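Enquirer: Contents of query.cif (mmCIF, C-alpha atoms) are given next:
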data_start
loop_
_atom_site.label_atom_id
_atom_site.label_comp_id
_atom_site.auth_asym_id
_atom_site.auth_seq_id
_atom_site.Cartn_x
_atom_site.Cartn_y
_atom_site.Cartn_z
CA MET D 139 -41.02 3.11 3.47
CA ASP D 140 -38.61 6.00 3.59
CA SER D 141 -35.87 3.88 5.20
CA THR D 142 -36.38 1.18 2.55
CA VAL D 143 -35.64 3.63 -0.24
CA THR D 144 -32.80 5.26 1.70
CA ASN D 145 -31.08 1.92 2.32
CA ALA D 146 -31.49 0.93 -1.32
CA GLU D 147 -29.99 4.23 -2.45
CA LYS D 148 -27.03 3.82 -0.10
CA TYR D 149 -26.13 0.18 -0.68
CA PHE D 150 -26.94 -0.05 -4.37
CA GLY D 151 -24.73 2.96 -4.93
CA GLN D 152 -21.91 1.22 -3.07
CA PHE D 153 -22.48 -2.00 -5.03
CA CYS D 154 -22.29 -0.06 -8.28
CA SER D 155 -19.08 1.72 -7.29
CA LEU D 156 -17.34 -1.45 -6.09
CA LEU D 157 -18.35 -3.60 -9.05
CA ALA D 158 -17.32 -0.87 -11.48
CA ALA D 159 -13.89 -0.79 -9.79
CA TYR D 160 -13.79 -4.61 -9.93
CA THR D 161 -14.47 -4.50 -13.67
CA ARG D 162 -11.79 -1.85 -14.27
CA LYS D 163 -9.19 -3.86 -12.35
CA THR D 164 -10.10 -6.95 -14.37
CA ALA D 165 -9.55 -4.94 -17.55
CA ARG D 166 -6.15 -3.77 -16.26
CA LEU D 167 -5.22 -7.36 -15.47
CA ARG D 168 -6.10 -8.24 -19.06
CA ASP D 169 -3.85 -5.45 -20.32
CA LYS D 170 -0.90 -6.62 -18.21
CA ALA D 171 -1.38 -10.18 -19.41
CA ASP D 172 -1.35 -8.93 -23.02
CA GLN D 173 2.00 -7.26 -22.31
CA LEU D 174 3.29 -10.53 -20.89
CA VAL D 175 2.18 -12.35 -24.03
CA LYS D 176 4.10 -9.89 -26.18
CA GLN D 177 7.27 -10.20 -24.09
CA LEU D 178 7.11 -13.99 -24.16
CA ALA D 179 6.69 -13.96 -27.93
CA ASP D 180 9.77 -11.74 -28.28
CA PHE D 181 11.73 -13.96 -25.93
CA ALA D 182 10.82 -17.11 -27.88
CA ASN D 183 12.59 -15.73 -30.96
CA THR D 184 15.90 -15.69 -29.05
CA GLU D 185 15.82 -19.33 -27.94
CA GLY D 186 16.39 -22.76 -29.45
CA PRO D 187 13.80 -24.55 -31.58
CA GLU D 188 12.26 -26.66 -28.80
CA MET D 189 11.91 -23.77 -26.34
CA ARG D 190 10.69 -21.50 -29.15
CA ALA D 191 7.91 -23.93 -30.09
CA THR D 192 6.96 -24.51 -26.44
CA VAL D 193 6.77 -20.81 -25.60
CA ARG D 194 4.75 -20.07 -28.72
CA ASP D 195 2.19 -22.73 -27.77
CA PHE D 196 2.12 -21.38 -24.23
CA VAL D 197 1.66 -17.82 -25.51
CA GLU D 198 -1.30 -18.87 -27.64
CA ASP D 199 -3.00 -20.37 -24.59
CA LEU D 200 -2.26 -17.33 -22.47
CA ALA D 201 -3.64 -15.04 -25.17
CA GLN D 202 -6.78 -17.15 -25.38
CA VAL D 203 -7.35 -16.69 -21.64
CA GLN D 204 -7.18 -12.92 -22.19
CA ASP D 205 -9.85 -13.22 -24.88
CA TYR D 206 -12.05 -14.89 -22.29
CA ARG D 207 -11.16 -12.13 -19.81
CA GLN D 208 -12.19 -9.50 -22.35
CA ALA D 209 -15.56 -11.22 -22.70
CA GLU D 210 -15.79 -11.25 -18.89
CA VAL D 211 -15.20 -7.48 -18.74
CA GLU D 212 -17.82 -6.76 -21.40
CA ARG D 213 -20.43 -8.95 -19.70
CA LEU D 214 -19.76 -7.39 -16.29
CA GLU D 215 -20.29 -3.95 -17.80
CA THR D 216 -23.52 -4.95 -19.53
CA LYS D 217 -25.19 -7.26 -17.01
CA VAL D 218 -23.89 -6.03 -13.64
CA VAL D 219 -22.60 -2.46 -13.64
CA MET D 220 -25.09 -0.90 -16.07
CA PRO D 221 -28.26 -2.19 -14.30
CA LEU D 222 -26.93 -0.83 -11.02
CA LYS D 223 -26.29 2.55 -12.64
CA LEU D 224 -29.82 2.67 -14.03
CA TYR D 225 -31.24 1.84 -10.61
CA GLY D 226 -30.55 5.41 -9.51
CA ALA D 227 -33.40 6.72 -11.68
CA GLN D 228 -35.87 4.27 -10.15
CA ILE D 229 -34.79 5.23 -6.63
CA LYS D 230 -35.18 8.91 -7.51
CA GLN D 231 -38.72 8.33 -8.78
CA THR D 232 -39.73 6.43 -5.65
CA ARG D 233 -38.24 9.11 -3.42
CA ALA D 234 -40.29 11.72 -5.30
CA GLU D 235 -43.45 9.77 -4.42
CA ILE D 236 -42.42 9.78 -0.77
CA LYS D 237 -41.87 13.55 -0.84
CA LYS D 238 -45.29 14.01 -2.41
CA PHE D 239 -46.86 11.96 0.39
CA LYS D 240 -45.06 14.06 3.02
CA ARG D 241 -46.41 17.28 1.49
CA VAL D 242 -49.96 15.92 1.53
CA GLN D 243 -49.52 14.69 5.07
CA LYS D 244 -48.21 18.06 6.21
CA ASN D 245 -51.20 19.76 4.58
CA GLU D 246 -53.60 17.51 6.49
CA ILE D 247 -51.83 18.30 9.75
CA LYS D 248 -51.95 22.00 8.93
CA GLN D 249 -55.72 21.89 8.26
CA LEU D 250 -56.30 20.04 11.52
CA GLU D 251 -54.33 22.67 13.43
CA LYS D 252 -56.41 25.44 11.81
CA LEU D 253 -59.62 23.70 12.82
CA GLU D 254 -58.50 23.29 16.41
CA LYS D 255 -57.44 26.94 16.56
CA LEU D 256 -60.83 28.10 15.27
CA ARG D 257 -62.68 25.95 17.81
CA ARG D 258 -60.67 27.51 20.62
CA LYS D 259 -60.82 31.13 19.51
CA SER D 260 -64.19 31.29 17.75
CA PRO D 261 -66.37 28.44 18.96
CA SER D 262 -69.53 30.32 17.91
CA ASP D 263 -68.41 30.93 14.31
CA ARG D 264 -70.05 27.87 12.81
CA GLN D 265 -69.44 28.93 9.21
CA MET D 266 -65.67 29.21 9.64
CA ILE D 267 -65.57 26.02 11.62
CA SER D 268 -67.61 24.21 8.96
CA GLN D 269 -65.28 25.43 6.23
CA ALA D 270 -62.26 24.30 8.24
CA GLU D 271 -63.85 20.90 8.79
CA THR D 272 -64.43 20.59 5.04
CA ASN D 273 -60.79 21.43 4.38
CA VAL D 274 -59.66 18.85 6.91
CA GLN D 275 -61.89 16.23 5.30
CA ARG D 276 -60.46 16.97 1.85
CA ALA D 277 -56.90 16.88 3.18
CA SER D 278 -57.65 13.60 4.92
CA VAL D 279 -59.01 12.11 1.68
CA ASP D 280 -55.93 13.30 -0.20
CA THR D 281 -53.70 11.79 2.47
CA GLY D 282 -55.53 8.47 2.33
CA ARG D 283 -55.33 8.35 -1.45
CA THR D 284 -51.66 9.37 -1.49
CA THR D 285 -50.84 6.87 1.24
CA HIS D 286 -52.41 4.07 -0.76
CA GLN D 287 -50.52 5.09 -3.89
CA LEU D 288 -47.29 5.34 -1.95
CA GLU D 289 -47.76 1.91 -0.41
CA GLU D 290 -48.29 0.42 -3.85
CA THR D 291 -45.26 2.28 -5.24
CA VAL D 292 -42.94 1.24 -2.41
CA ASP D 293 -44.25 -2.32 -2.47
CA ALA D 294 -43.51 -2.56 -6.21
CA PHE D 295 -40.12 -0.94 -5.61
CA GLN D 296 -39.24 -3.44 -2.90
CA ARG D 297 -40.38 -6.41 -5.00
CA GLN D 298 -38.41 -5.18 -8.02
CA LYS D 299 -35.37 -4.43 -5.85
CA LEU D 300 -35.24 -7.96 -4.46
CA ARG D 301 -35.65 -9.51 -7.91
CA ASP D 302 -33.03 -7.23 -9.43
CA LEU D 303 -30.58 -7.97 -6.63
CA GLN D 304 -31.06 -11.69 -7.21
CA ARG D 305 -30.67 -11.35 -10.98
CA ILE D 306 -27.66 -9.00 -10.92
CA PHE D 307 -25.58 -11.10 -8.56
CA SER D 308 -26.67 -14.33 -10.25
CA ASP D 309 -25.36 -12.85 -13.50
CA PHE D 310 -22.17 -11.81 -11.71
CA VAL D 311 -21.55 -15.32 -10.40
CA THR D 312 -22.41 -16.90 -13.76
CA ILE D 313 -20.00 -14.61 -15.62
CA GLU D 314 -17.21 -15.43 -13.17
CA MET D 315 -17.90 -19.17 -13.30
CA VAL D 316 -17.87 -19.23 -17.11
CA PHE D 317 -14.59 -17.33 -17.25
CA HIS D 318 -12.83 -19.43 -14.65
CA ALA D 319 -14.10 -22.71 -16.11
CA LYS D 320 -12.74 -21.80 -19.55
CA ALA D 321 -9.54 -20.40 -18.04
CA VAL D 322 -8.88 -23.61 -16.09
CA GLU D 323 -9.33 -25.63 -19.27
CA VAL D 324 -6.83 -23.51 -21.21
CA TYR D 325 -4.39 -23.24 -18.31
CA SER D 326 -4.44 -27.03 -17.97
CA ARG D 327 -3.43 -27.32 -21.61
CA ALA D 328 -0.71 -24.71 -21.10
CA PHE D 329 0.59 -26.64 -18.10
CA GLN D 330 0.81 -29.83 -20.15
CA THR D 331 2.69 -27.93 -22.87
CA LEU D 332 5.29 -26.77 -20.36
CA GLU D 333 5.54 -30.20 -18.75
CA LYS D 334 6.32 -31.86 -22.08
CA TYR D 335 9.28 -29.60 -22.77
CA SER D 336 12.73 -31.24 -22.56
CA PRO D 337 15.79 -28.96 -22.61
CA GLU D 338 18.24 -31.58 -23.88
CA ARG D 339 17.84 -30.88 -27.59
CA ASP D 340 18.14 -27.12 -27.04
CA LEU D 341 21.24 -27.69 -24.91
CA GLN D 342 22.79 -29.83 -27.62
CA ASP D 343 22.02 -27.16 -30.19
CA PHE D 344 23.43 -24.45 -27.92
CA ARG D 345 26.63 -26.40 -27.25
CA ALA D 346 27.11 -27.13 -30.93
CA LYS D 347 26.76 -23.44 -31.78
CA MET D 348 29.00 -22.45 -28.89
CA HIS D 349 31.83 -24.81 -29.91
CA GLY D 350 31.36 -24.11 -33.59
CA GLY D 351 31.61 -20.38 -33.04
CA SER D 352 34.64 -20.58 -30.73
CA GLY D 353 36.99 -22.15 -33.27
CA HIS D 354 38.13 -24.87 -30.87
CA HIS D 355 39.64 -27.96 -32.56
CA LEU D 356 41.34 -31.06 -31.25
CA ALA D 357 45.03 -30.20 -31.49
CA ARG D 358 47.52 -32.93 -32.33
CA PRO D 359 50.67 -33.05 -30.17
CA LEU D 360 53.81 -31.79 -31.82
CA LEU D 361 56.06 -34.84 -31.37
CA ASP D 362 59.15 -33.21 -32.92
CA ALA D 363 58.61 -29.74 -31.56
CA SER D 364 61.38 -29.98 -28.97
CA PRO D 365 64.87 -31.56 -29.50
CA SER D 366 66.25 -34.38 -27.50
CA PRO D 367 68.08 -33.08 -24.41
CA CYS D 368 71.19 -34.95 -25.51
CA VAL D 369 71.15 -33.73 -29.10
CA PRO D 370 71.92 -30.06 -29.82
CA TRP D 371 69.91 -28.11 -32.36
CA PRO D 372 71.51 -28.23 -35.74
CA PRO D 373 72.15 -24.90 -37.38
CA GLY D 374 69.45 -25.54 -39.97
CA SER D 375 66.79 -26.24 -37.33
CA GLN D 376 66.65 -22.68 -35.89
CA GLY D 377 63.93 -21.82 -38.38
CA ALA D 378 61.85 -24.78 -37.23
CA GLN D 379 62.24 -23.73 -33.59
CA SER D 380 61.05 -20.18 -34.34
CA THR D 381 58.14 -21.62 -36.38
CA VAL D 382 57.00 -23.71 -33.37
CA ARG D 383 57.19 -20.72 -31.05
CA SER D 384 55.19 -18.55 -33.42
CA GLN D 385 52.58 -21.34 -33.74
CA ARG D 386 52.25 -21.53 -29.95
CA HIS D 387 51.93 -17.75 -29.75
CA GLU D 388 49.09 -17.77 -32.30
CA ASP D 389 47.33 -20.59 -30.40
CA GLU D 390 47.52 -18.56 -27.18
CA GLN D 391 46.10 -15.49 -28.90
CA SER D 392 43.30 -17.59 -30.39
CA GLY D 393 42.48 -18.98 -26.95
CA ASP D 394 42.39 -15.45 -25.47
CA SER D 395 40.04 -14.21 -28.19
CA VAL D 396 37.69 -17.16 -27.57
CA GLU D 397 37.55 -16.39 -23.87
CA GLU D 398 36.81 -12.74 -24.67
CA ASP D 399 34.01 -13.80 -27.05
CA LEU D 400 32.47 -16.09 -24.44
CA GLY D 401 32.83 -13.43 -21.78
CA GLY D 402 31.05 -10.96 -24.03
CA GLN D 403 28.23 -13.44 -24.59
CA GLU D 404 27.76 -14.01 -20.86
CA GLN D 405 27.60 -10.30 -20.08
CA GLY D 406 25.16 -9.45 -22.89
CA PRO D 407 21.57 -8.33 -22.12
CA ARG D 408 18.77 -10.92 -21.69
CA HIS D 409 16.00 -10.90 -24.12
#
Before we go any further, please render this structure as structure tokens.
Expert:
Amino acid sequence: MDSTVTNAEKYFGQFCSLLAAYTRKTARLRDKADQLVKQLADFANTEGPEMRATVRDFVEDLAQVQDYRQAEVERLETKVVMPLKLYGAQIKQTRAEIKKFKRVQKNEIKQLEKLEKLRRKSPSDRQMISQAETNVQRASVDTGRTTHQLEETVDAFQRQKLRDLQRIFSDFVTIEMVFHAKAVEVYSRAFQTLEKYSPERDLQDFRAKMHGGSGHHLARPLLDASPSPCVPWPPGSQGAQSTVRSQRHEDEQSGDSVEEDLGGQEQGPRH
């Protein structure tokens, strides 16, 4: 009976500690997923319309899974961890009954030892021996009564322990199954959302913005920009020649500024 209570105290305490840690880690996983949801929502605002809509749908599904995880944490606390914590009081009460039995048992042994001592030292003292025999009989009755009570107490404790163990871990498995079933359903929808995404429209939008912002245009060839090798420049055409050179110089500067703009865009931070 003593070993039954001792083993329950040991292992139920370990179960409580481990499942409490399991619940805390599940809560931390929920918190990290909430941070991921926030970062994805911020990222969506920096992308094209198709990716923005896809990520927002995905974020809603991911957030819904965390709602289910929150419910999982609350149910684990209520139906698994708390009953194991309360079990300590029941174990303490049962152990007190065992200690009471041991005291009564020790008293019976003590009375028996006194009786044997009297019989050896004073075999003719019938009055003392009779009193000692009465004390032994009372101690024996107390021991019998206490033993019966203890047996009933430990039997009820063992029956309740087995039922509680079955119920607590059945609740644990049920809570986990419900969460994972709902999570698989939502994750499947999230997977379909990501699978349906096509980057082509966002790429077209990106390229249009990129070319529109660069200032690139289809340049027409300057057919009369250079004179015929056989015909010298007339005096009045020096102004035209300088105009063409200045136009080329401006085009080169424009091209350099575009490359700098694109380079700055490529080196910018990711959001």
Enquirer: Could you spell out the hits of the PyMOL selection byres ((chain D and resi 204) around 9) on the shown file, as a count of residues only?
Expert: 16
Enquirer: Can you turn the PyMOL selection byres ((chain D and resi 323-339) around 12) into a concrete residue list for this file, as a PyMOL selection string?
Expert: chain D and resi 185-206+316-322+340-346
Enquirer: What is the atom CA of Phe150 of chain D-atom CA of Ala227 of chain D distance in Å, reported with one decimal?
Expert: 11.9 Å
Enquirer: With all atoms listed in the file counted, which protein, DNA or RNA residues have an atom no more than 10 Å from (-49.6, 15.8, 0.4) in the file frame? Please answer as a ChimeraX atom specification.
Expert: /D:235-247,277-278,280-285
Enquirer: Figure out the distance between atom CA of Met266 of chain D and atom CA of Leu253 of chain D, please, to one decimal in Å.
Expert: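 Between atom CA of Leu253 of chain D and atom CA of Met266 of chain D the gap is 8.8 Å.
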Enquirer: Work out how far apart atom CA of Gln296 of chain D and atom CA of Asn145 of chain D are and give it in Å to one decimal.
Expert: 11.1 Å
Enquirer: Can you tell me, as a list in words, what residues are no more than 12 Å from Arg258 of chain D when counting only C-alpha atoms, ignoring any on the same chain fewer than 6 positions away?
Expert: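 Here the qualifying residues turn out to be Glu251, Lys252 and Ile267 of chain D.
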Enquirer: Go through D:Leu222, D:Ile229, D:Ala165, D:Leu156 and flag the residue nearest Phe295 of chain D, using all atoms listed in the file for the distances.
Expert: D:Ile229
Enquirer: Can you tell me which residues surround Lys223 of chain D at a distance of at most 8 Å, considering all atoms listed in the file, apart from same-chain residues fewer than 3 positions away, and format the answer as an NGL selection string?
Expert: :D and (151 or 154 or 219-220 or 226)
Enquirer: Can you write out the residues you just picked, keeping C-alpha atoms, as a PDB file, keeping the file's coordinate frame?
Expert:
ATOM      1  CA  GLY D 151     -24.730   2.960  -4.930  1.00  0.00           C
ATOM      2  CA  CYS D 154     -22.290  -0.060  -8.280  1.00  0.00           C
ATOM      3  CA  VAL D 219     -22.600  -2.460 -13.640  1.00  0.00           C
ATOM      4  CA  MET D 220     -25.090  -0.900 -16.070  1.00  0.00           C
ATOM      5  CA  GLY D 226     -30.550   5.410  -9.510  1.00  0.00           C
TER       6      GLY D 226
END
Enquirer: Carefully work through the PyMOL selection byres ((chain D and resi 291) around 12) for this structure and note down the residues it includes, as JSON, numbers by chain.
Expert: {"D": [139, 140, 142, 143, 228, 229, 231, 232, 233, 234, 235, 236, 239, 284, 285, 286, 287, 288, 289, 290, 292, 293, 294, 295, 296, 297, 298, 299]}
Enquirer: Quick one: everything within 9 Å of Ala158 of chain D, counting all atoms listed in the file, minus sequence neighbours fewer than 3 positions away in the same chain. Send it as a list in words.
Expert: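 Answer for this query is Phe153, Cys154, Ser155, Thr161, Arg162, Lys163, Leu214, Glu215, Val218 and Val219 of chain D.
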Enquirer: Put those residues in a file: C-alpha atoms, as a CSV table (one decimal), in the coordinates of the input.
Expert:
chain,number,residue,atom,x,y,z
D,153,PHE,CA,-22.5,-2.0,-5.0
D,154,CYS,CA,-22.3,-0.1,-8.3
D,155,SER,CA,-19.1,1.7,-7.3
D,161,THR,CA,-14.5,-4.5,-13.7
D,162,ARG,CA,-11.8,-1.8,-14.3
D,163,LYS,CA,-9.2,-3.9,-12.4
D,214,LEU,CA,-19.8,-7.4,-16.3
D,215,GLU,CA,-20.3,-4.0,-17.8
D,218,VAL,CA,-23.9,-6.0,-13.6
D,219,VAL,CA,-22.6,-2.5,-13.6
Enquirer: Which residue, D:Ile306, D:Ile313, D:Ala182, D:Val274, has the smallest gap to Val211 of chain D when you use all atoms listed in the file?
Expert: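 Using all atoms listed in the file, the shortest distance to Val211 of chain D belongs to D:Ile313.
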Enquirer: Select, from D:Ser268, D:Lys217, D:Glu147, D:Lys347, the residue with the minimum atom-to-atom distance to Ser308 of chain D, counting all atoms listed in the file.
Expert: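 Residue with the minimum atom-to-atom distance to Ser308 of chain D: D:Lys217.
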Enquirer: I'd like to know which of D:Phe310, D:Thr184, D:Leu300, D:Lys259 is closest to Leu157 of chain D, using all atoms listed in the file.
Expert: D:Phe310
Enquirer: Rank D:His349, D:Glu314, D:Asp309, D:Asn183 by their smallest atom-to-atom distance to Thr216 of chain D, using only C-alpha atoms, and report the top residue only.
Expert: D:Asp309
Enquirer: Output requested as a compact mmCIF listing (two decimals), in the coordinates of the input - segment 294-312 of chain D, filled out with N, CA, C and O atoms.
Expert:
# COMPACT_ATOMS: atom_id res chain seq x y z
N ALA D 294 -44.06 -2.17 -4.90
CA ALA D 294 -43.51 -2.56 -6.21
C ALA D 294 -42.01 -2.33 -6.26
O ALA D 294 -41.26 -3.13 -6.82
N PHE D 295 -41.55 -1.23 -5.66
CA PHE D 295 -40.12 -0.94 -5.61
C PHE D 295 -39.37 -2.03 -4.86
O PHE D 295 -38.32 -2.51 -5.31
N GLN D 296 -39.91 -2.42 -3.70
CA GLN D 296 -39.24 -3.44 -2.90
C GLN D 296 -39.21 -4.79 -3.62
O GLN D 296 -38.19 -5.49 -3.62
N ARG D 297 -40.33 -5.15 -4.26
CA ARG D 297 -40.38 -6.41 -5.00
C ARG D 297 -39.39 -6.40 -6.15
O ARG D 297 -38.64 -7.36 -6.36
N GLN D 298 -39.35 -5.29 -6.90
CA GLN D 298 -38.41 -5.18 -8.02
C GLN D 298 -36.97 -5.16 -7.53
O GLN D 298 -36.08 -5.76 -8.15
N LYS D 299 -36.72 -4.49 -6.41
CA LYS D 299 -35.37 -4.43 -5.85
C LYS D 299 -34.84 -5.80 -5.51
O LYS D 299 -33.69 -6.15 -5.82
N LEU D 300 -35.66 -6.61 -4.85
CA LEU D 300 -35.24 -7.96 -4.46
C LEU D 300 -34.97 -8.84 -5.69
O LEU D 300 -33.99 -9.59 -5.72
N ARG D 301 -35.84 -8.72 -6.68
CA ARG D 301 -35.65 -9.51 -7.91
C ARG D 301 -34.40 -9.05 -8.66
O ARG D 301 -33.62 -9.89 -9.16
N ASP D 302 -34.20 -7.75 -8.73
CA ASP D 302 -33.03 -7.23 -9.43
C ASP D 302 -31.74 -7.63 -8.71
O ASP D 302 -30.74 -7.96 -9.36
N LEU D 303 -31.77 -7.57 -7.39
CA LEU D 303 -30.58 -7.97 -6.63
C LEU D 303 -30.24 -9.43 -6.89
O LEU D 303 -29.07 -9.79 -7.09
N GLN D 304 -31.27 -10.27 -6.91
CA GLN D 304 -31.06 -11.69 -7.21
C GLN D 304 -30.50 -11.88 -8.62
O GLN D 304 -29.54 -12.62 -8.83
N ARG D 305 -31.09 -11.18 -9.59
CA ARG D 305 -30.67 -11.35 -10.98
C ARG D 305 -29.26 -10.81 -11.21
O ARG D 305 -28.44 -11.46 -11.88
N ILE D 306 -28.96 -9.62 -10.68
CA ILE D 306 -27.66 -9.00 -10.92
C ILE D 306 -26.52 -9.85 -10.37
O ILE D 306 -25.52 -10.11 -11.06
N PHE D 307 -26.67 -10.31 -9.14
CA PHE D 307 -25.58 -11.10 -8.56
C PHE D 307 -25.55 -12.53 -9.09
O PHE D 307 -24.49 -13.16 -9.10
N SER D 308 -26.70 -13.03 -9.56
CA SER D 308 -26.67 -14.33 -10.25
C SER D 308 -25.90 -14.21 -11.56
O SER D 308 -25.10 -15.09 -11.92
N ASP D 309 -26.13 -13.10 -12.28
CA ASP D 309 -25.36 -12.85 -13.50
C ASP D 309 -23.88 -12.68 -13.19
O ASP D 309 -23.02 -13.19 -13.93
N PHE D 310 -23.57 -12.00 -12.11
CA PHE D 310 -22.17 -11.81 -11.71
C PHE D 310 -21.48 -13.16 -11.47
O PHE D 310 -20.39 -13.42 -11.98
N VAL D 311 -22.14 -14.02 -10.71
CA VAL D 311 -21.55 -15.32 -10.40
C VAL D 311 -21.43 -16.17 -11.67
O VAL D 311 -20.42 -16.86 -11.88
N THR D 312 -22.45 -16.12 -12.52
CA THR D 312 -22.41 -16.90 -13.76
C THR D 312 -21.26 -16.45 -14.66
O THR D 312 -20.53 -17.27 -15.23
